[in-house]
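Participant: Have a peek at my_file12.cif (mmCIF, C-alpha atoms).
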```cif
data_input
#
loop_
_atom_site.group_PDB
_atom_site.id
_atom_site.type_symbol
_atom_site.label_atom_id
_atom_site.label_comp_id
_atom_site.auth_asym_id
_atom_site.auth_seq_id
_atom_site.Cartn_x
_atom_site.Cartn_y
_atom_site.Cartn_z
ATOM 1 C CA MET A 6 129.757 -103.045 49.245
ATOM 2 C CA THR A 7 129.434 -99.279 49.066
ATOM 3 C CA GLU A 8 126.822 -97.465 47.025
ATOM 4 C CA LEU A 9 129.562 -96.846 44.468
ATOM 5 C CA GLY A 10 130.272 -100.540 43.958
ATOM 6 C CA TRP A 11 133.770 -101.417 42.714
ATOM 7 C CA LEU A 12 136.557 -99.216 44.051
ATOM 8 C CA ALA A 13 140.105 -99.800 42.816
ATOM 9 C CA LEU A 14 141.921 -99.477 46.149
ATOM 10 C CA ALA A 15 139.248 -100.888 48.460
ATOM 11 C CA ARG A 16 139.379 -104.539 47.413
ATOM 12 C CA GLY A 17 141.468 -106.397 50.002
ATOM 13 C CA THR A 18 140.515 -110.045 50.548
ATOM 14 C CA LEU A 19 142.798 -111.174 53.397
ATOM 15 C CA ASP A 20 142.139 -111.541 57.111
ATOM 16 C CA ARG A 21 144.636 -109.009 58.474
ATOM 17 C CA MET A 22 145.069 -111.041 61.699
ATOM 18 C CA ALA A 23 145.330 -107.900 63.827
ATOM 19 C CA GLU A 24 144.795 -109.943 66.996
ATOM 20 C CA ARG A 25 147.966 -112.008 66.352
ATOM 21 C CA ARG A 26 150.403 -109.247 65.350
ATOM 22 C CA ARG A 27 151.923 -108.973 68.824
ATOM 23 C CA ASP A 28 152.436 -112.727 69.103
ATOM 24 C CA ASP A 29 156.092 -112.745 68.061
ATOM 25 C CA ALA A 30 156.388 -116.531 68.200
ATOM 26 C CA TRP A 31 153.399 -117.011 65.894
ATOM 27 C CA VAL A 32 154.633 -114.323 63.468
ATOM 28 C CA ALA A 33 158.067 -115.998 63.341
ATOM 29 C CA GLU A 34 156.415 -119.356 62.727
ATOM 30 C CA ILE A 35 154.352 -118.220 59.771
ATOM 31 C CA TRP A 36 157.311 -116.242 58.361
ATOM 32 C CA ALA A 37 159.267 -119.531 58.249
ATOM 33 C CA ASP A 38 156.373 -121.503 56.738
ATOM 34 C CA PRO A 39 157.375 -122.556 53.180
ATOM 35 C CA ARG A 40 153.835 -121.751 51.988
ATOM 36 C CA THR A 41 154.165 -118.098 53.044
ATOM 37 C CA ARG A 42 154.278 -115.624 50.163
ATOM 38 C CA VAL A 43 156.441 -112.507 50.349
ATOM 39 C CA PHE A 44 156.772 -109.503 48.088
ATOM 40 C CA ALA A 45 159.263 -106.656 48.284
ATOM 41 C CA ILE A 46 158.385 -102.988 48.205
ATOM 42 C CA GLU A 47 160.846 -100.144 47.642
ATOM 43 C CA GLN A 48 159.772 -96.498 47.699
ATOM 44 C CA GLY A 49 156.215 -97.437 46.787
ATOM 45 C CA GLN A 50 157.155 -99.812 43.962
ATOM 46 C CA ALA A 51 156.828 -103.587 43.728
ATOM 47 C CA LEU A 52 157.637 -106.242 41.128
ATOM 48 C CA VAL A 53 154.807 -107.352 38.853
ATOM 49 C CA GLN A 54 154.355 -109.865 36.093
ATOM 50 C CA VAL A 55 152.609 -108.052 33.247
ATOM 51 C CA ARG A 56 150.172 -110.352 31.474
ATOM 52 C CA ASP A 57 146.515 -109.903 30.581
ATOM 53 C CA ILE A 58 145.993 -109.159 34.274
ATOM 54 C CA PRO A 59 149.123 -107.850 36.057
ATOM 55 C CA SER A 60 150.014 -109.693 39.265
ATOM 56 C CA LEU A 61 152.433 -109.195 42.148
ATOM 57 C CA VAL A 62 155.591 -111.278 42.149
ATOM 58 C CA PHE A 63 156.015 -113.362 45.301
ATOM 59 C CA VAL A 64 159.109 -115.115 46.640
ATOM 60 C CA SER A 65 159.882 -117.181 49.730
ATOM 61 C CA ALA A 66 161.370 -115.590 52.833
ATOM 62 C CA ALA A 67 164.563 -117.561 52.231
ATOM 63 C CA GLU A 68 165.078 -115.847 48.867
ATOM 64 C CA LEU A 69 165.260 -112.371 50.419
ATOM 65 C CA THR A 70 168.779 -111.779 51.664
ATOM 66 C CA GLU A 71 168.427 -108.062 52.407
ATOM 67 C CA THR A 72 165.361 -106.467 53.986
ATOM 68 C CA ASP A 73 164.868 -103.397 56.153
ATOM 69 C CA GLU A 74 161.482 -104.193 57.690
ATOM 70 C CA ARG A 75 158.732 -106.745 57.225
ATOM 71 C CA TYR A 76 154.995 -106.246 57.521
ATOM 72 C CA LEU A 77 152.371 -108.940 58.023
ATOM 73 C CA MET A 78 149.681 -108.371 55.419
ATOM 74 C CA GLY A 79 147.323 -111.143 56.489
ATOM 75 C CA VAL A 80 146.200 -114.720 55.857
ATOM 76 C CA ASP A 81 143.937 -116.030 53.084
ATOM 77 C CA THR A 82 141.115 -118.537 53.353
ATOM 78 C CA ASP A 83 143.557 -121.413 52.694
ATOM 79 C CA GLY A 84 145.715 -120.369 55.655
ATOM 80 C CA VAL A 85 148.517 -118.961 53.487
ATOM 81 C CA ALA A 86 150.218 -115.937 55.045
ATOM 82 C CA TYR A 87 151.416 -112.881 53.115
ATOM 83 C CA PHE A 88 154.202 -110.476 54.085
ATOM 84 C CA ALA A 89 155.615 -107.343 52.502
ATOM 85 C CA VAL A 90 159.264 -106.476 53.090
ATOM 86 C CA SER A 91 160.747 -103.016 52.746
ATOM 87 C CA GLY A 92 164.022 -103.185 50.897
ATOM 88 C CA PRO A 93 165.667 -103.570 47.486
ATOM 89 C CA LEU A 94 163.549 -105.296 44.847
ATOM 90 C CA PRO A 95 164.966 -108.665 43.792
ATOM 91 C CA VAL A 96 165.956 -109.236 40.188
ATOM 92 C CA ILE A 97 163.498 -111.679 38.633
ATOM 93 C CA GLU A 98 163.357 -112.463 34.927
ATOM 94 C CA GLY A 99 160.175 -111.282 33.272
ATOM 95 C CA ALA A 100 159.172 -109.004 36.134
ATOM 96 C CA GLU A 101 159.142 -105.216 36.120
ATOM 97 C CA GLN A 102 158.789 -102.467 38.698
ATOM 98 C CA SER A 103 155.463 -100.719 39.005
ATOM 99 C CA ASP A 104 153.372 -98.720 41.467
ATOM 100 C CA LEU A 105 149.790 -98.137 42.546
ATOM 101 C CA ARG A 106 149.137 -95.269 40.160
ATOM 102 C CA ARG A 107 150.036 -97.418 37.179
ATOM 103 C CA ILE A 108 148.530 -100.801 38.075
ATOM 104 C CA GLY A 109 146.355 -100.388 41.172
ATOM 105 C CA ALA A 110 143.149 -100.569 39.140
ATOM 106 C CA LEU A 111 144.408 -103.533 37.062
ATOM 107 C CA LEU A 112 145.477 -105.909 39.833
ATOM 108 C CA SER A 113 143.245 -108.630 41.256
ATOM 109 C CA ASP A 114 141.259 -107.897 44.412
ATOM 110 C CA ARG A 115 143.866 -109.685 46.527
ATOM 111 C CA ASP A 116 146.905 -108.034 44.951
ATOM 112 C CA SER A 117 145.369 -104.561 44.898
ATOM 113 C CA GLY A 118 144.635 -104.875 48.622
ATOM 114 C CA LEU A 119 148.147 -106.148 49.333
ATOM 115 C CA LEU A 120 149.912 -103.355 47.469
ATOM 116 C CA THR A 121 147.661 -100.620 48.895
ATOM 117 C CA HIS A 122 148.305 -101.878 52.451
ATOM 118 C CA ALA A 123 152.061 -102.208 51.905
ATOM 119 C CA VAL A 124 152.506 -98.780 50.285
ATOM 120 C CA ALA A 125 150.714 -97.125 53.201
ATOM 121 C CA LEU A 126 152.819 -98.928 55.818
ATOM 122 C CA GLN A 127 156.129 -98.336 54.096
ATOM 123 C CA HIS A 128 155.492 -94.617 53.727
ATOM 124 C CA TRP A 129 154.497 -94.310 57.375
ATOM 125 C CA HIS A 130 157.583 -96.160 58.619
ATOM 126 C CA ALA A 131 159.854 -94.065 56.394
ATOM 127 C CA THR A 132 158.452 -90.748 57.619
ATOM 128 C CA HIS A 133 157.796 -91.457 61.315
ATOM 129 C CA ARG A 134 161.031 -92.929 62.642
ATOM 130 C CA HIS A 135 161.345 -90.713 65.715
ATOM 131 C CA CYS A 136 159.213 -90.401 68.827
ATOM 132 C CA PRO A 137 157.105 -87.211 68.775
ATOM 133 C CA ARG A 138 157.410 -87.030 72.585
ATOM 134 C CA CYS A 139 161.145 -87.276 73.140
ATOM 135 C CA GLY A 140 162.787 -87.518 69.707
ATOM 136 C CA ALA A 141 164.303 -90.973 70.248
ATOM 137 C CA ARG A 142 164.441 -93.301 67.264
ATOM 138 C CA THR A 143 161.500 -95.699 67.356
ATOM 139 C CA GLU A 144 161.461 -99.405 66.506
ATOM 140 C CA PRO A 145 158.901 -101.449 64.495
ATOM 141 C CA ALA A 146 156.591 -103.739 66.467
ATOM 142 C CA ALA A 147 153.323 -105.673 66.061
ATOM 143 C CA ALA A 148 154.440 -107.188 62.740
ATOM 144 C CA GLY A 149 155.044 -103.737 61.250
ATOM 145 C CA HIS A 150 151.845 -102.010 62.391
ATOM 146 C CA VAL A 151 153.223 -100.106 65.409
ATOM 147 C CA ARG A 152 156.401 -98.200 66.255
ATOM 148 C CA VAL A 153 157.613 -98.224 69.854
ATOM 149 C CA CYS A 154 159.869 -95.695 71.554
ATOM 150 C CA PRO A 155 162.573 -97.539 73.554
ATOM 151 C CA ALA A 156 163.207 -94.417 75.658
ATOM 152 C CA ASP A 157 159.736 -93.731 77.052
ATOM 153 C CA GLY A 158 157.786 -96.849 76.023
ATOM 154 C CA SER A 159 155.170 -94.948 74.026
ATOM 155 C CA GLU A 160 153.501 -96.630 71.057
ATOM 156 C CA HIS A 161 152.786 -94.896 67.762
ATOM 157 C CA PHE A 162 150.360 -96.028 65.085
ATOM 158 C CA PRO A 163 150.153 -95.396 61.319
ATOM 159 C CA ARG A 164 149.005 -91.899 60.440
ATOM 160 C CA LEU A 165 145.851 -91.528 58.399
ATOM 161 C CA ASP A 166 144.539 -88.217 57.050
ATOM 162 C CA PRO A 167 140.730 -88.236 56.478
ATOM 163 C CA ALA A 168 139.617 -86.274 53.440
ATOM 164 C CA VAL A 169 136.121 -85.671 52.087
ATOM 165 C CA ILE A 170 135.398 -85.786 48.371
ATOM 166 C CA MET A 171 132.012 -84.628 47.153
ATOM 167 C CA LEU A 172 129.965 -84.681 43.989
ATOM 168 C CA ILE A 173 127.660 -81.657 43.908
ATOM 169 C CA ALA A 174 124.498 -81.593 41.813
ATOM 170 C CA ASP A 175 121.899 -78.883 41.269
ATOM 171 C CA ALA A 176 118.115 -79.079 40.836
ATOM 172 C CA ALA A 177 118.575 -79.938 37.145
ATOM 173 C CA ASP A 178 120.933 -82.779 38.146
ATOM 174 C CA ARG A 179 123.915 -81.064 36.570
ATOM 175 C CA VAL A 180 127.286 -81.937 38.106
ATOM 176 C CA LEU A 181 129.899 -79.407 39.218
ATOM 177 C CA LEU A 182 133.420 -80.159 37.971
ATOM 178 C CA ALA A 183 136.516 -78.100 38.675
ATOM 179 C CA ARG A 184 140.231 -77.893 37.888
ATOM 180 C CA GLY A 185 142.952 -77.712 40.518
ATOM 181 C CA PRO A 186 146.036 -75.476 40.063
ATOM 182 C CA ALA A 187 148.500 -78.359 39.619
ATOM 183 C CA TRP A 188 146.368 -80.368 37.184
ATOM 184 C CA PRO A 189 146.724 -80.668 33.392
ATOM 185 C CA GLU A 190 144.733 -78.044 31.512
ATOM 186 C CA ALA A 191 141.921 -80.405 30.489
ATOM 187 C CA MET A 192 141.637 -82.279 33.800
ATOM 188 C CA ARG A 193 138.346 -81.901 35.684
ATOM 189 C CA SER A 194 137.064 -83.594 38.827
ATOM 190 C CA VAL A 195 134.823 -83.167 41.852
ATOM 191 C CA LEU A 196 135.781 -81.117 44.915
ATOM 192 C CA ALA A 197 137.740 -82.502 47.868
ATOM 193 C CA GLY A 198 139.527 -81.382 51.022
ATOM 194 C CA PHE A 199 140.919 -82.515 54.360
ATOM 195 C CA VAL A 200 138.866 -82.817 57.522
ATOM 196 C CA GLU A 201 139.925 -80.372 60.235
ATOM 197 C CA PRO A 202 140.236 -81.122 63.992
ATOM 198 C CA GLY A 203 136.930 -81.014 65.849
ATOM 199 C CA GLU A 204 134.938 -81.233 62.610
ATOM 200 C CA SER A 205 132.404 -83.840 61.478
ATOM 201 C CA LEU A 206 132.597 -85.226 57.960
ATOM 202 C CA GLU A 207 129.393 -83.437 56.969
ATOM 203 C CA GLN A 208 130.720 -80.162 58.354
ATOM 204 C CA ALA A 209 133.913 -80.656 56.346
ATOM 205 C CA VAL A 210 131.895 -81.189 53.148
ATOM 206 C CA ALA A 211 129.891 -78.000 53.685
ATOM 207 C CA ARG A 212 132.968 -75.957 54.627
ATOM 208 C CA GLU A 213 135.102 -77.125 51.712
ATOM 209 C CA VAL A 214 132.366 -76.441 49.152
ATOM 210 C CA ARG A 215 131.752 -72.985 50.590
ATOM 211 C CA GLU A 216 135.484 -72.172 50.673
ATOM 212 C CA GLU A 217 136.316 -73.524 47.218
ATOM 213 C CA VAL A 218 133.369 -72.325 45.118
ATOM 214 C CA GLY A 219 131.183 -70.204 47.421
ATOM 215 C CA LEU A 220 128.135 -72.512 47.412
ATOM 216 C CA VAL A 221 125.958 -73.693 50.292
ATOM 217 C CA VAL A 222 124.951 -77.369 50.047
ATOM 218 C CA ARG A 223 122.321 -79.619 51.632
ATOM 219 C CA ASP A 224 121.290 -83.300 51.548
ATOM 220 C CA ILE A 225 124.858 -84.402 52.306
ATOM 221 C CA ARG A 226 124.910 -88.195 51.912
ATOM 222 C CA TYR A 227 127.779 -90.639 52.434
ATOM 223 C CA VAL A 228 128.309 -93.037 49.510
ATOM 224 C CA GLY A 229 131.612 -94.859 50.102
ATOM 225 C CA SER A 230 135.290 -94.639 50.993
ATOM 226 C CA GLN A 231 138.655 -95.659 49.617
ATOM 227 C CA PRO A 232 142.187 -95.607 51.017
ATOM 228 C CA TRP A 233 144.535 -93.313 49.130
ATOM 229 C CA PRO A 234 148.052 -94.084 50.384
ATOM 230 C CA LEU A 235 149.619 -91.439 48.159
ATOM 231 C CA PRO A 236 150.790 -90.682 50.714
ATOM 232 C CA GLN A 237 148.392 -91.280 53.661
ATOM 233 C CA SER A 238 144.765 -90.339 53.086
ATOM 234 C CA LEU A 239 141.377 -91.996 53.458
ATOM 235 C CA MET A 240 138.936 -90.573 50.914
ATOM 236 C CA LEU A 241 135.345 -90.399 52.181
ATOM 237 C CA GLY A 242 132.856 -89.862 49.378
ATOM 238 C CA PHE A 243 129.629 -87.829 49.594
ATOM 239 C CA PHE A 244 126.849 -86.698 47.291
ATOM 240 C CA CYS A 245 125.200 -83.354 48.020
ATOM 241 C CA ARG A 246 122.994 -80.746 46.378
ATOM 242 C CA VAL A 247 123.153 -77.001 46.094
ATOM 243 C CA ASP A 248 120.845 -75.191 48.504
ATOM 244 C CA GLU A 249 119.313 -72.980 45.852
ATOM 245 C CA GLY A 250 117.460 -71.013 48.474
ATOM 246 C CA ALA A 251 120.818 -69.854 49.832
ATOM 247 C CA THR A 252 122.996 -69.580 46.717
ATOM 248 C CA PRO A 253 121.953 -69.906 43.058
ATOM 249 C CA PRO A 254 123.950 -72.654 41.274
ATOM 250 C CA GLU A 255 125.406 -70.177 38.792
ATOM 251 C CA ASP A 256 126.844 -68.023 41.576
ATOM 252 C CA LEU A 257 130.252 -69.722 41.581
ATOM 253 C CA ARG A 258 133.108 -67.955 43.333
ATOM 254 C CA PRO A 259 136.190 -70.191 42.918
ATOM 255 C CA ASP A 260 139.001 -69.700 45.419
ATOM 256 C CA PRO A 261 141.967 -68.998 43.070
ATOM 257 C CA THR A 262 144.421 -70.741 45.388
ATOM 258 C CA GLU A 263 142.391 -73.982 45.198
ATOM 259 C CA ILE A 264 140.325 -73.841 41.998
ATOM 260 C CA LEU A 265 141.337 -72.429 38.626
ATOM 261 C CA ASP A 266 137.893 -72.822 37.118
ATOM 262 C CA ALA A 267 134.597 -74.585 37.788
ATOM 263 C CA ALA A 268 131.512 -75.226 35.679
ATOM 264 C CA TRP A 269 128.218 -77.141 35.609
ATOM 265 C CA TYR A 270 127.651 -80.000 33.144
ATOM 266 C CA THR A 271 124.561 -81.863 32.045
ATOM 267 C CA ARG A 272 125.173 -85.480 31.070
ATOM 268 C CA GLU A 273 125.021 -84.527 27.404
ATOM 269 C CA GLU A 274 127.473 -81.650 27.875
ATOM 270 C CA PHE A 275 129.819 -83.857 29.883
ATOM 271 C CA ARG A 276 129.773 -86.597 27.274
ATOM 272 C CA ALA A 277 130.417 -84.172 24.443
ATOM 273 C CA ALA A 278 133.289 -82.464 26.284
ATOM 274 C CA VAL A 279 135.023 -85.786 27.061
ATOM 275 C CA GLU A 280 134.610 -87.169 23.554
ATOM 276 C CA ALA A 281 135.881 -83.924 22.027
ATOM 277 C CA GLY A 282 138.951 -84.017 24.267
ATOM 278 C CA GLU A 283 138.002 -80.724 25.888
ATOM 279 C CA ILE A 284 138.086 -82.258 29.385
ATOM 280 C CA MET A 285 139.545 -85.380 30.971
ATOM 281 C CA ALA A 286 137.712 -87.152 33.768
ATOM 282 C CA PRO A 287 139.664 -88.848 36.609
ATOM 283 C CA GLY A 288 141.165 -92.290 35.991
ATOM 284 C CA LYS A 289 139.698 -95.550 37.345
ATOM 285 C CA LEU A 290 142.076 -95.605 40.315
ATOM 286 C CA SER A 291 140.276 -92.757 42.068
ATOM 287 C CA ILE A 292 136.984 -92.713 43.944
ATOM 288 C CA ALA A 293 136.201 -89.530 41.997
ATOM 289 C CA SER A 294 135.896 -91.620 38.832
ATOM 290 C CA ARG A 295 133.341 -93.904 40.470
ATOM 291 C CA MET A 296 131.347 -90.961 41.803
ATOM 292 C CA ILE A 297 131.169 -89.320 38.385
ATOM 293 C CA SER A 298 130.300 -92.655 36.721
ATOM 294 C CA HIS A 299 127.508 -93.179 39.285
ATOM 295 C CA TRP A 300 126.049 -89.759 38.421
ATOM 296 C CA TYR A 301 126.538 -90.233 34.675
ATOM 297 C CA GLY A 302 125.003 -93.719 34.643
ATOM 298 C CA GLY A 303 127.895 -95.537 32.993
ATOM 299 C CA GLU A 304 131.662 -95.876 32.867
ATOM 300 C CA VAL A 305 133.636 -92.728 32.183
ATOM 301 C CA SER A 306 136.836 -92.665 30.112
ATOM 302 C CA ARG A 307 139.495 -90.040 30.639
ATOM 303 C CA PHE A 308 141.150 -90.359 27.247
ATOM 304 C CA ARG A 309 140.761 -88.096 24.254
ATOM 305 C CA GLY A 310 138.782 -89.753 21.487
ATOM 306 C CA SER A 311 137.297 -92.510 23.664
ATOM 307 C CA ARG A 312 133.602 -93.187 23.334
ATOM 308 C CA LEU A 313 131.407 -93.054 26.407
ATOM 309 C CA PRO A 314 128.669 -95.691 26.799
#
```
What would you get if you wrote out this structure as structure tokens?

Facilitator:
Amino acid sequence: MTELGWLALARGTLDRMAERRRDDAWVAEIWADPRTRVFAIEQGQALVQVRDIPSLVFVSAAELTETDERYLMGVDTDGVAYFAVSGPLPVIEGAEQSDLRRIGALLSDRDSGLLTHAVALQHWHATHRHCPRCGARTEPAAAGHVRVCPADGSEHFPRLDPAVIMLIADAADRVLLARGPAWPEAMRSVLAGFVEPGESLEQAVAREVREEVGLVVRDIRYVGSQPWPLPQSLMLGFFCRVDEGATPPEDLRPDPTEILDAAWYTREEFRAAVEAGEIMAPGKLSIASRMISHWYGGEVSRFRGSRLP
């Protein structure tokens, strides 16, 4: 458990069985097992049954007549195996298409982990079909977790882009929230950015804060992480404080290409702005929401007119 507690896309419950992925005979055996549960994924969408708690729709391998690729998701504590298949979604009465952004925070721990894993793999396979060494078309291997070049024998693994996301507080425990250029007018969140080659996570935090708002920070502390397969990131969360000896908190210099505006909020100011509809906080799917809730001391709603605790 991270310091942030519950995270929408970090809730997988299966044993991923990484040590058995290259055992083709074993993978074929569990694929044929009538207990095995399979769900289809197409361009990031899967079928769900929408009830009080949405759930993934599973079928047997025999019911899927057309699939492009299949990925072993893992095995549960009862020995039941789960696969995702990339291909057209079957037509099932009462089921509807949905994606992580819509239902990722609403699914059970098992189903959220399954869909997050499958979305990440499908995107990687779709965008990395050729060998970066020689250009030959690669082939899936290791139950969907590797691509192999038949021309030179090289193996290629799923791409993951590490990104830091940081909640910055000042000596008065105000939080810094900002708006990105592509966001809705009222949307506000914490700062974030990608880690560069040869850079530690803490260095990335300090650099991104300095570049985006012109502040120097200290007391950089890791608090948790969450996959963000939209398309291929791992979000690594940090808390930090303004080094007031280096830069006064009010001395904000937003980079106009990254930040349209930024401002400090006390808890009372934040609450009032959300309840008045002046700002929207991030939704429950994101680690940013958990970071802000941790600072605030209670759950945060993004919707106009909602009451904060």

Participant: Can you measure atom CA of A:Arg142 to atom CA of A:Tyr76 for me? One decimal in Å is fine.

Facilitator: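 These atoms are spaced 18.8 Å apart.
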
Participant: Measuring atom to atom with all atoms listed in the file, identify which of A:Pro59, A:Ala51, A:Leu235, A:Glu68 is nearest to A:Pro39.

Facilitator: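 Ranked by minimum distance to A:Pro39, first place goes to A:Glu68.
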
Participant: Hey, which bits of stretch 230-260 of chain A sit within 10 Å of stretch 151-174 of chain A, and for each residue what's the closest pair of atoms and how far apart in Å (one decimal), counting only C-alpha atoms, rows by chain and increasing number, as a tab-separated table?

Facilitator:
```
residue	atom	partner	partner_atom	distance
A:Ser230	CA	A:Val169	CA	9.1
A:Pro232	CA	A:Leu165	CA	9.2
A:Trp233	CA	A:Asp166	CA	9.4
A:Pro234	CA	A:Leu165	CA	8.7
A:Pro236	CA	A:Leu165	CA	9.2
A:Gln237	CA	A:Leu165	CA	5.4
A:Ser238	CA	A:Asp166	CA	4.5
A:Leu239	CA	A:Pro167	CA	4.9
A:Met240	CA	A:Ala168	CA	5.0
A:Leu241	CA	A:Val169	CA	4.8
A:Gly242	CA	A:Ile170	CA	4.9
A:Phe243	CA	A:Met171	CA	4.7
A:Phe244	CA	A:Leu172	CA	5.0
A:Cys245	CA	A:Ile173	CA	5.1
A:Arg246	CA	A:Ala174	CA	4.9
A:Val247	CA	A:Ala174	CA	6.4
A:Asp248	CA	A:Ala174	CA	10.0
A:Pro254	CA	A:Ala174	CA	9.0
```

Participant: Out of A:Ala293, A:Asp29, A:Ser60, A:Gly92, which residue has the shortest atom-to-atom distance to A:Ala146 when counting all atoms listed in the file?

Facilitator: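 Closest candidate: A:Asp29.
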
Participant: Measuring atom to atom with only C-alpha atoms, identify which of A:Val80, A:Ala183, A:Ile58, A:Ala110 is nearest to A:Asp20.

Facilitator: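 Counting only C-alpha atoms, the residue closest to A:Asp20 is A:Val80.
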
Participant: Please evaluate the PyMOL selection byres ((chain A and resi 288) around 10) against the displayed coordinates and give the resulting residues as a list in words.

Facilitator: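 Given this file, the PyMOL selection byres ((chain A and resi 288) around 10) evaluates to Arg106, Ala110, Met285, Ala286, Pro287, Lys289, Leu290, Ser291, Ile292, Ala293, Ser294, Arg295, Val305, Ser306, Arg307 and Phe308 of chain A.
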
Participant: Go ahead and dump the residues you just picked, C-alpha atoms, as an mmCIF file, keeping the file's coordinate frame.

Facilitator:
```cif
data_model
loop_
_atom_site.group_PDB
_atom_site.id
_atom_site.type_symbol
_atom_site.label_atom_id
_atom_site.label_comp_id
_atom_site.auth_asym_id
_atom_site.auth_seq_id
_atom_site.Cartn_x
_atom_site.Cartn_y
_atom_site.Cartn_z
ATOM 1 C CA ARG A 106 149.137 -95.269 40.160
ATOM 2 C CA ALA A 110 143.149 -100.569 39.140
ATOM 3 C CA MET A 285 139.545 -85.380 30.971
ATOM 4 C CA ALA A 286 137.712 -87.152 33.768
ATOM 5 C CA PRO A 287 139.664 -88.848 36.609
ATOM 6 C CA LYS A 289 139.698 -95.550 37.345
ATOM 7 C CA LEU A 290 142.076 -95.605 40.315
ATOM 8 C CA SER A 291 140.276 -92.757 42.068
ATOM 9 C CA ILE A 292 136.984 -92.713 43.944
ATOM 10 C CA ALA A 293 136.201 -89.530 41.997
ATOM 11 C CA SER A 294 135.896 -91.620 38.832
ATOM 12 C CA ARG A 295 133.341 -93.904 40.470
ATOM 13 C CA VAL A 305 133.636 -92.728 32.183
ATOM 14 C CA SER A 306 136.836 -92.665 30.112
ATOM 15 C CA ARG A 307 139.495 -90.040 30.639
ATOM 16 C CA PHE A 308 141.150 -90.359 27.247
#
```

Participant: Rounded to one decimal place, report the atom CA of A:His150-atom CA of A:Asp38 distance in Å.

Facilitator: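 Interatomic distance here is 20.8 Å.
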
Participant: Can you turn the PyMOL selection byres ((chain A and resi 118-131) around 7) into a concrete residue list for this file, as an MDAnalysis selection string?

Facilitator: chainID A and resid 14:18 49 78 89 91 114:117 132:134 163:164 234 236:237

Participant: Can you sort out the box for stretch 153-160 of chain A, edges along x, y and z, all listed atoms in, 6 Å on every side, with centre and edge lengths in Å to one decimal, as AutoDock Vina command-line options?

Facilitator:
```
--center_x 158.4 --center_y -96.0 --center_z 73.5 --size_x 21.7 --size_y 16.5 --size_z 19.2
```

Participant: So which one's closest to A:Val32, A:Arg75, A:Arg107, A:Arg223, A:Arg184? Using all atoms listed in the file, please.

Facilitator: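 Among the listed residues, A:Arg75 lies closest to A:Val32.
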